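Q: My structure is in upload.cif, and what it holds is mmCIF, C-alpha atoms:
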```cif
data_data
#
loop_
_atom_site.label_atom_id
_atom_site.label_comp_id
_atom_site.auth_asym_id
_atom_site.auth_seq_id
_atom_site.Cartn_x
_atom_site.Cartn_y
_atom_site.Cartn_z
CA MET A 2 45.20 97.15 -48.07
CA LYS A 3 48.02 95.48 -46.14
CA VAL A 4 51.58 96.08 -47.28
CA PRO A 5 54.33 93.92 -45.70
CA PHE A 6 57.74 95.41 -45.13
CA LEU A 7 59.33 92.47 -46.95
CA ASP A 8 58.01 89.81 -49.29
CA PHE A 9 60.09 86.64 -49.36
CA GLN A 10 57.63 84.58 -51.36
CA ALA A 11 57.52 86.67 -54.55
CA PRO A 12 61.27 86.40 -55.35
CA TYR A 13 61.09 82.64 -54.85
CA LEU A 14 58.06 82.29 -57.11
CA GLU A 15 59.75 84.32 -59.85
CA LEU A 16 62.80 82.06 -59.77
CA LYS A 17 61.15 78.85 -58.56
CA VAL A 18 62.26 76.69 -61.48
CA GLU A 19 65.89 77.85 -61.28
CA LEU A 20 66.08 77.71 -57.47
CA ASP A 21 64.51 74.27 -57.29
CA ALA A 22 66.93 73.06 -59.97
CA ALA A 23 69.87 74.47 -57.98
CA TYR A 24 68.66 72.60 -54.89
CA GLN A 25 68.35 69.35 -56.81
CA ARG A 26 71.78 69.84 -58.38
CA VAL A 27 73.50 70.25 -55.02
CA MET A 28 71.62 67.43 -53.33
CA ALA A 29 72.39 65.07 -56.19
CA SER A 30 76.09 65.98 -56.12
CA GLY A 31 76.62 64.62 -52.61
CA TRP A 32 79.14 67.43 -51.94
CA TYR A 33 77.98 70.13 -49.54
CA ILE A 34 81.00 72.09 -48.29
CA LEU A 35 83.57 74.06 -50.38
CA GLY A 36 82.79 72.46 -53.70
CA LYS A 37 82.04 73.50 -57.26
CA GLU A 38 79.08 75.74 -56.42
CA VAL A 39 81.12 77.86 -54.02
CA GLU A 40 83.99 78.06 -56.50
CA ALA A 41 81.62 79.14 -59.27
CA PHE A 42 79.87 81.72 -57.12
CA GLU A 43 83.20 83.16 -55.97
CA THR A 44 84.28 83.57 -59.60
CA GLU A 45 80.96 85.11 -60.65
CA PHE A 46 80.63 87.46 -57.69
CA ALA A 47 84.25 88.65 -58.02
CA ALA A 48 83.57 89.50 -61.67
CA TYR A 49 80.33 91.25 -60.72
CA CYS A 50 82.12 93.37 -58.09
CA GLN A 51 85.00 94.12 -60.47
CA THR A 52 87.55 92.45 -58.20
CA LYS A 53 90.07 89.68 -58.67
CA TYR A 54 89.05 87.58 -55.69
CA CYS A 55 85.97 86.56 -53.73
CA ILE A 56 86.02 84.28 -50.71
CA GLY A 57 82.72 82.85 -49.51
CA VAL A 58 82.30 82.84 -45.73
CA GLY A 59 79.64 82.13 -43.13
CA ASN A 60 78.03 85.57 -42.80
CA GLY A 61 78.66 89.31 -43.07
CA LEU A 62 80.01 89.79 -39.55
CA GLU A 63 82.54 87.02 -40.05
CA ALA A 64 83.53 88.55 -43.39
CA LEU A 65 84.53 91.79 -41.63
CA HIS A 66 86.15 89.91 -38.75
CA LEU A 67 88.27 87.79 -41.09
CA ILE A 68 89.37 90.86 -43.07
CA LEU A 69 90.61 92.56 -39.91
CA GLN A 70 92.26 89.35 -38.71
CA ALA A 71 93.99 88.80 -42.05
CA MET A 72 95.26 92.39 -41.99
CA GLY A 73 96.90 91.72 -38.63
CA ILE A 74 94.77 94.29 -36.82
CA GLY A 75 94.30 93.56 -33.13
CA ALA A 76 94.94 94.69 -29.57
CA GLY A 77 96.52 98.15 -29.35
CA ASP A 78 95.29 99.14 -32.82
CA GLU A 79 92.48 101.57 -33.61
CA VAL A 80 89.89 101.31 -36.36
CA ILE A 81 87.76 104.28 -37.42
CA VAL A 82 84.12 103.28 -37.83
CA PRO A 83 80.86 105.11 -38.50
CA ALA A 84 78.93 106.04 -35.37
CA ASN A 85 75.76 105.56 -37.43
CA THR A 86 75.68 101.92 -38.50
CA TYR A 87 74.41 98.48 -37.59
CA ILE A 88 76.27 97.05 -34.62
CA ALA A 89 77.94 94.31 -36.71
CA SER A 90 80.40 96.88 -38.07
CA TRP A 91 81.54 97.54 -34.50
CA LEU A 92 81.45 93.93 -33.34
CA ALA A 93 83.96 92.86 -35.97
CA VAL A 94 86.48 95.38 -34.62
CA SER A 95 85.84 94.37 -31.02
CA GLN A 96 86.22 90.68 -31.85
CA VAL A 97 89.83 91.15 -32.98
CA GLY A 98 90.59 93.15 -29.83
CA ALA A 99 91.08 96.49 -31.59
CA THR A 100 89.76 99.83 -30.32
CA LEU A 101 86.75 101.47 -31.94
CA VAL A 102 86.99 105.12 -32.92
CA PRO A 103 83.50 106.22 -34.05
CA VAL A 104 82.98 109.17 -36.39
CA GLU A 105 79.69 111.00 -36.97
CA PRO A 106 77.78 110.75 -40.27
CA ASP A 107 77.08 113.37 -42.87
CA GLU A 108 73.56 114.44 -41.90
CA LYS A 109 72.39 114.36 -45.53
CA THR A 110 73.72 110.97 -46.66
CA TYR A 111 73.84 109.23 -43.21
CA ASN A 112 77.22 107.72 -44.19
CA ILE A 113 80.48 108.51 -42.40
CA ASP A 114 81.53 112.14 -42.85
CA PRO A 115 85.01 112.19 -44.47
CA SER A 116 85.64 115.73 -43.21
CA LEU A 117 85.65 114.40 -39.64
CA ILE A 118 87.89 111.39 -40.17
CA GLU A 119 91.29 113.08 -40.08
CA ASN A 120 90.76 114.48 -36.58
CA ALA A 121 90.07 110.94 -35.35
CA ILE A 122 93.40 109.53 -36.59
CA THR A 123 96.17 108.78 -34.08
CA ASP A 124 99.48 106.95 -34.30
CA ARG A 125 97.57 103.78 -33.37
CA THR A 126 95.05 104.01 -36.22
CA LYS A 127 95.36 101.11 -38.66
CA ALA A 128 92.19 101.20 -40.77
CA ILE A 129 89.04 103.05 -41.76
CA MET A 130 85.84 101.08 -42.12
CA ALA A 131 83.36 102.66 -44.53
CA VAL A 132 79.78 101.39 -44.45
CA HIS A 133 77.58 101.74 -47.54
CA LEU A 134 74.53 102.31 -45.38
CA TYR A 135 71.04 101.60 -46.73
CA GLY A 136 72.57 100.68 -50.10
CA GLN A 137 74.19 104.05 -50.84
CA PRO A 138 77.98 104.23 -51.31
CA ALA A 139 80.09 106.20 -48.89
CA ASP A 140 82.32 108.95 -50.34
CA MET A 141 85.19 106.61 -51.12
CA ASP A 142 87.54 108.99 -52.97
CA ALA A 143 87.69 111.27 -49.95
CA ILE A 144 88.14 108.31 -47.59
CA ASN A 145 90.84 106.68 -49.72
CA GLU A 146 92.73 109.96 -50.08
CA ILE A 147 92.93 110.30 -46.29
CA ALA A 148 93.89 106.64 -45.91
CA THR A 149 96.67 106.95 -48.48
CA ARG A 150 98.20 109.97 -46.76
CA HIS A 151 98.18 108.21 -43.40
CA ASN A 152 99.08 104.73 -44.66
CA LEU A 153 95.81 103.18 -43.48
CA LYS A 154 93.81 100.22 -44.74
CA VAL A 155 90.29 100.82 -46.06
CA ILE A 156 87.61 98.23 -45.37
CA GLU A 157 84.18 98.39 -46.98
CA ASP A 158 81.20 97.11 -45.06
CA ALA A 159 79.12 96.38 -48.14
CA ALA A 160 76.47 94.30 -46.39
CA GLN A 161 73.70 96.55 -47.76
CA GLY A 162 75.32 97.63 -51.01
CA HIS A 163 75.19 94.71 -53.48
CA GLY A 164 75.51 96.29 -56.91
CA ALA A 165 75.73 99.92 -55.81
CA ARG A 166 78.13 102.12 -57.76
CA TYR A 167 80.44 104.94 -56.76
CA LYS A 168 81.50 106.96 -59.82
CA ASN A 169 80.72 103.90 -61.97
CA HIS A 170 82.75 101.51 -59.82
CA ARG A 171 81.00 98.74 -57.92
CA VAL A 172 81.14 98.74 -54.15
CA GLY A 173 83.33 95.89 -53.04
CA SER A 174 86.14 97.14 -55.28
CA LEU A 175 86.73 100.52 -53.63
CA GLY A 176 89.02 99.66 -50.72
CA ASP A 177 91.57 97.05 -49.65
CA ALA A 178 88.80 94.54 -48.99
CA ALA A 179 85.02 94.43 -48.57
CA GLY A 180 82.71 92.33 -46.44
CA PHE A 181 79.30 91.30 -47.80
CA SER A 182 76.30 89.77 -46.07
CA PHE A 183 73.80 87.60 -47.93
CA TYR A 184 71.30 87.51 -45.10
CA PRO A 185 67.82 86.81 -46.57
CA THR A 186 66.72 90.45 -46.33
CA LYS A 187 69.58 91.74 -48.49
CA ASN A 188 69.26 92.74 -52.14
CA LEU A 189 71.23 89.57 -52.88
CA GLY A 190 69.93 87.27 -50.18
CA ALA A 191 70.49 83.60 -49.44
CA VAL A 192 67.95 81.40 -47.63
CA GLY A 193 69.99 81.53 -44.44
CA ASP A 194 73.20 83.11 -43.24
CA ALA A 195 75.95 83.60 -45.80
CA GLY A 196 78.69 86.12 -46.60
CA ALA A 197 81.74 86.89 -48.70
CA VAL A 198 84.91 88.95 -48.89
CA THR A 199 86.04 90.67 -52.09
CA THR A 200 89.54 92.04 -52.67
CA ASN A 201 92.20 92.63 -55.31
CA ASN A 202 94.97 91.62 -52.89
CA ALA A 203 96.15 88.06 -53.58
CA GLU A 204 97.98 87.72 -50.25
CA LEU A 205 94.98 88.93 -48.28
CA ALA A 206 92.63 86.62 -50.20
CA ASP A 207 94.90 83.64 -49.49
CA LYS A 208 95.02 84.46 -45.77
CA ILE A 209 91.23 84.75 -45.57
CA ARG A 210 90.81 81.39 -47.32
CA LEU A 211 93.04 79.87 -44.66
CA LEU A 212 91.25 81.59 -41.80
CA ARG A 213 87.75 80.55 -42.95
CA ASN A 214 88.70 76.84 -42.99
CA TYR A 215 90.45 76.08 -39.70
CA GLY A 216 93.70 77.57 -41.00
CA SER A 217 93.99 74.68 -43.45
CA ARG A 218 94.56 74.26 -47.18
CA VAL A 219 95.01 70.50 -46.99
CA LYS A 220 92.85 68.39 -44.70
CA TYR A 221 94.44 67.89 -41.26
CA GLU A 222 97.32 70.23 -42.12
CA ASN A 223 96.68 73.42 -40.16
CA GLU A 224 99.08 76.26 -40.92
CA ILE A 225 97.51 78.86 -38.61
CA GLN A 226 94.77 79.04 -35.98
CA GLY A 227 91.68 79.58 -38.08
CA TYR A 228 87.90 79.54 -37.86
CA ASN A 229 84.98 77.63 -39.31
CA SER A 230 83.32 80.21 -41.56
CA ARG A 231 82.45 78.67 -44.89
CA LEU A 232 79.79 79.51 -47.44
CA ASP A 233 78.05 76.20 -48.04
CA GLU A 234 77.25 74.68 -51.42
CA LEU A 235 73.49 75.04 -51.20
CA GLN A 236 73.58 78.75 -50.36
CA ALA A 237 76.15 79.33 -53.10
CA ALA A 238 73.91 77.60 -55.64
CA PHE A 239 70.93 79.76 -54.65
CA LEU A 240 73.06 82.91 -54.73
CA ARG A 241 74.26 82.11 -58.25
CA VAL A 242 70.67 82.03 -59.45
CA LYS A 243 69.80 85.30 -57.74
CA LEU A 244 73.02 87.05 -58.83
CA ALA A 245 71.88 86.74 -62.44
CA LYS A 246 68.77 88.78 -61.51
CA LEU A 247 70.40 91.25 -59.15
CA ASP A 248 70.78 94.20 -61.52
CA GLU A 249 67.19 93.81 -62.74
CA TRP A 250 65.88 93.58 -59.17
CA ASN A 251 67.95 96.59 -58.12
CA ALA A 252 66.52 98.54 -61.05
CA ARG A 253 63.00 97.67 -59.87
CA ARG A 254 63.86 98.98 -56.40
CA GLY A 255 65.12 102.15 -58.05
CA LYS A 256 61.74 102.68 -59.75
CA VAL A 257 59.96 102.31 -56.40
CA ALA A 258 62.34 104.89 -54.91
CA GLU A 259 61.67 107.24 -57.84
CA GLN A 260 57.93 107.01 -57.22
CA TYR A 261 58.38 107.75 -53.52
CA LEU A 262 60.63 110.73 -54.22
CA LYS A 263 58.33 112.15 -56.88
CA THR A 264 55.19 111.83 -54.77
CA LEU A 265 56.62 112.98 -51.45
CA CYS A 266 59.09 115.64 -52.57
CA GLU A 267 56.92 118.67 -51.82
CA ASN A 268 56.27 117.92 -48.15
CA THR A 269 58.57 119.83 -45.82
CA ASN A 270 57.90 117.74 -42.69
CA LEU A 271 59.34 114.57 -44.18
CA THR A 272 63.06 114.42 -44.90
CA LEU A 273 63.65 112.22 -47.94
CA PRO A 274 66.86 110.38 -48.86
CA PHE A 275 69.59 112.50 -50.45
CA VAL A 276 71.63 110.99 -53.29
CA PRO A 277 74.91 112.70 -54.31
CA ASP A 278 75.68 113.00 -58.02
CA TRP A 279 78.47 110.45 -57.73
CA ALA A 280 76.34 107.73 -56.14
CA LYS A 281 74.09 105.11 -57.70
CA PRO A 282 72.39 103.47 -54.72
CA VAL A 283 70.59 100.13 -54.81
CA TRP A 284 67.93 101.18 -52.30
CA HIS A 285 68.37 98.36 -49.84
CA LEU A 286 66.29 100.59 -47.58
CA PHE A 287 64.25 103.74 -48.20
CA VAL A 288 64.77 105.73 -45.03
CA VAL A 289 62.85 108.92 -44.27
CA ARG A 290 62.99 111.23 -41.25
CA HIS A 291 60.13 112.79 -39.36
CA PRO A 292 60.11 114.67 -36.01
CA THR A 293 57.20 112.55 -34.72
CA ARG A 294 58.44 109.26 -36.10
CA TYR A 295 56.60 106.98 -33.65
CA ASP A 296 53.25 108.66 -34.32
CA LEU A 297 53.82 108.32 -38.07
CA GLU A 298 54.81 104.68 -37.61
CA GLN A 299 51.59 104.02 -35.66
CA HIS A 300 49.46 105.79 -38.28
CA LEU A 301 50.90 103.63 -41.05
CA GLN A 302 50.58 100.45 -39.01
CA GLN A 303 46.92 101.16 -38.26
CA ASN A 304 46.38 101.43 -42.02
CA GLY A 305 48.11 98.15 -42.82
CA ILE A 306 51.52 99.55 -43.78
CA SER A 307 54.47 97.78 -42.13
CA THR A 308 57.62 99.81 -41.45
CA LEU A 309 60.86 99.24 -39.56
CA ILE A 310 63.44 101.42 -37.81
CA HIS A 311 67.07 101.04 -38.89
CA TYR A 312 68.32 101.50 -36.21
CA PRO A 313 66.59 102.62 -33.00
CA ILE A 314 69.62 102.25 -30.72
CA PRO A 315 73.03 103.49 -31.93
CA PRO A 316 75.89 101.10 -31.09
CA HIS A 317 77.44 103.49 -28.55
CA LEU A 318 74.16 103.52 -26.58
CA SER A 319 73.59 99.77 -26.74
CA ALA A 320 74.00 97.60 -23.66
CA ALA A 321 76.80 95.80 -25.51
CA TYR A 322 78.97 98.93 -25.44
CA LYS A 323 77.46 101.01 -22.67
CA ARG A 324 79.37 99.00 -20.07
CA ALA A 325 82.49 98.57 -22.18
CA VAL A 326 85.69 100.39 -21.34
CA CYS A 327 85.33 102.74 -24.29
CA ASN A 328 84.41 106.14 -22.84
CA PHE A 329 82.61 107.14 -26.03
CA ASP A 330 81.68 110.76 -26.51
CA SER A 331 78.17 111.81 -27.38
CA PHE A 332 77.28 111.58 -31.05
CA PRO A 333 74.43 114.07 -31.48
CA ILE A 334 73.81 113.57 -35.20
CA THR A 335 73.70 109.80 -34.83
CA GLU A 336 71.40 110.10 -31.82
CA LEU A 337 69.08 112.52 -33.63
CA LEU A 338 68.84 110.19 -36.63
CA SER A 339 67.99 107.24 -34.37
CA LYS A 340 65.01 109.20 -33.03
CA GLN A 341 63.67 110.32 -36.43
CA ILE A 342 64.38 107.66 -39.05
CA LEU A 343 61.75 105.30 -40.44
CA SER A 344 62.19 102.73 -43.21
CA LEU A 345 59.35 102.46 -45.70
CA PRO A 346 58.68 99.22 -47.56
CA ILE A 347 60.80 98.87 -50.67
CA GLY A 348 61.52 95.83 -52.76
CA SER A 349 61.88 94.42 -56.22
CA HIS A 350 58.39 92.91 -56.23
CA MET A 351 56.25 95.82 -55.02
CA ASN A 352 53.34 96.88 -57.22
CA ASP A 353 51.79 100.27 -57.96
CA ARG A 354 48.79 99.66 -55.68
CA GLN A 355 51.08 99.05 -52.72
CA ILE A 356 53.15 102.16 -53.44
CA GLU A 357 50.00 104.25 -53.83
CA ALA A 358 48.65 102.95 -50.51
CA ILE A 359 51.88 103.86 -48.73
CA THR A 360 52.17 107.35 -50.19
CA LYS A 361 48.45 108.05 -49.67
CA ASN A 362 48.65 107.19 -45.97
CA LEU A 363 51.89 109.13 -45.58
CA LEU A 364 50.37 112.24 -47.12
CA GLU A 365 47.30 111.91 -44.93
CA TYR A 366 49.52 112.10 -41.84
CA ILE A 367 52.07 114.70 -42.87
#
```
Kindly present the structure from the file in structure tokens form.
A:
Amino acid sequence: MKVPFLDFQAPYLELKVELDAAYQRVMASGWYILGKEVEAFETEFAAYCQTKYCIGVGNGLEALHLILQAMGIGAGDEVIVPANTYIASWLAVSQVGATLVPVEPDEKTYNIDPSLIENAITDRTKAIMAVHLYGQPADMDAINEIATRHNLKVIEDAAQGHGARYKNHRVGSLGDAAGFSFYPTKNLGAVGDAGAVTTNNAELADKIRLLRNYGSRVKYENEIQGYNSRLDELQAAFLRVKLAKLDEWNARRGKVAEQYLKTLCENTNLTLPFVPDWAKPVWHLFVVRHPTRYDLEQHLQQNGISTLIHYPIPPHLSAAYKRAVCNFDSFPITELLSKQILSLPIGSHMNDRQIEAITKNLLEYI
């Protein structure tokens, strides 16, 4: 049988009545930018993330960019970032003119290794960006402890972590501010680009609201040089519907992950995800490692199983940064992961037959 990597139709069909009603509500309102739907979603998502404020923005990259901008981080400053991440984490830092200082991941969790952060700090360091990669929280207590001692800001890239918990606290509430993406593939996905910032800092929230809307609170009165990065009413309305189902859908993903882990746990050639005791991931991705990843990928594809690689080219080896004046060192753990990782299908609408087909074909190969 054929198993797609993602199924966009099933979530829509489950919520068709509610999503269609949200569309009709927005269209009938005649108000499409920064209206009641955005305000309501901001209130609801802030409560969900256990924060005081949420600011809807255009996408996840812009969420991170606006956080850095609002913090006053720019040229001459350094920001510590994971070496192992999607390039958007890096682009946000570059876009404000700050210098990237990459740090290798923990080889078990794939998230930034807190034990390596302190050696990367200089007198120019202003912030640490922690990415909750694949939907698993980074070790935030360790990161925050270092940040506190060195008077640094902590930024969460929570683009893949909607609903994940670290020691019973939601991601998005674990640093000075967090950037979320609602790209359609996310656990909480819109039907186009969308993003948000969460924070408990009133001053920071106010600055980001200004920055997202041309630097303006009142039309034609521009206090600062801002941007156009606004979550629109239609996406906010759709996100409100899906937010009400997010915990249930995340729980369904968790059951798929449990089945994978139970079925595949005895094979020594396949490295399965590791979950620390303090983490409750939301399984945005289920990433395994295998020394002959491409052969495994081809075997699964030939048997109708779609997989993806997140991510085949680390940021420091990408053309975007290869020619930059960065002089990055080698990152052997990151580079090894990029050669071995493979993402298996996982989603809130997978059925037992699909999971059995995937595990059967995996076991045949390994």
Q: Report as a PyMOL selection string the residues that result from applying the PyMOL selection byres ((chain A and resi 124-129) around 6) to the structure here.
A: chain A and resi 78-81+122-123+130+153-155
Q: Identify the residues around (87.0, 79.1, -44.7) within a radius of 7 Å, measuring from all atoms listed in the file in the coordinates stated by the file, and give them as a list of chain:residue names.
A: A:Val58, A:Arg210, A:Leu211, A:Leu212, A:Arg213, A:Asn214, A:Tyr215, A:Tyr228, A:Asn229, A:Ser230, A:Arg231
Q: When distances are computed from all atoms listed in the file, which of A:Asn201, A:Gln161, A:Gln51, A:Thr110 shows the smallest separation from Thr272 of chain A?
A: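 Closest candidate: A:Thr110.
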Q: So what does the PyMOL selection byres ((chain A and resi 350) around 10) actually pick up in this one, as a list in words?
A: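 For this structure, the PyMOL selection byres ((chain A and resi 350) around 10) captures Leu7, Asp8, Phe9, Gln10, Ala11, Pro12, Glu15, Trp250, Arg253, Arg254, Val257, Ile347, Gly348, Ser349, Met351 and Asn352 of chain A.
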Q: Of the residues A:Cys55, A:Ala99, A:Ile334, A:Ala258, which is the one nearest to Met72 of chain A, using all atoms listed in the file?
A: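 Closest to Met72 of chain A, using all atoms listed in the file: A:Ala99.
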Q: Just the number, please: distance in Å from atom CA of Leu240 of chain A to atom CA of Phe42 of chain A, one decimal.
A: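 Spanning atom CA of Leu240 of chain A to atom CA of Phe42 of chain A is a straight-line distance of 7.3 Å.
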Q: Would you work out the distance separating atom CA of Leu271 of chain A from atom CA of Asn362 of chain A, expressed in Å to one decimal?
A: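 Distance reported for this atom pair: 13.1 Å.
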Q: Using all atoms listed in the file, pick whichever of A:Glu365, A:Asp278, A:Leu343, A:Ala160 has the shortest atom-to-atom distance to His300 of chain A.
A: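 With all atoms listed in the file as the atom set, the closest residue is A:Glu365.
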Q: Record the distance separating atom CA of Lys168 of chain A and atom CA of Ile144 of chain A, expressed in Å with one decimal.
A: 14.0 Å
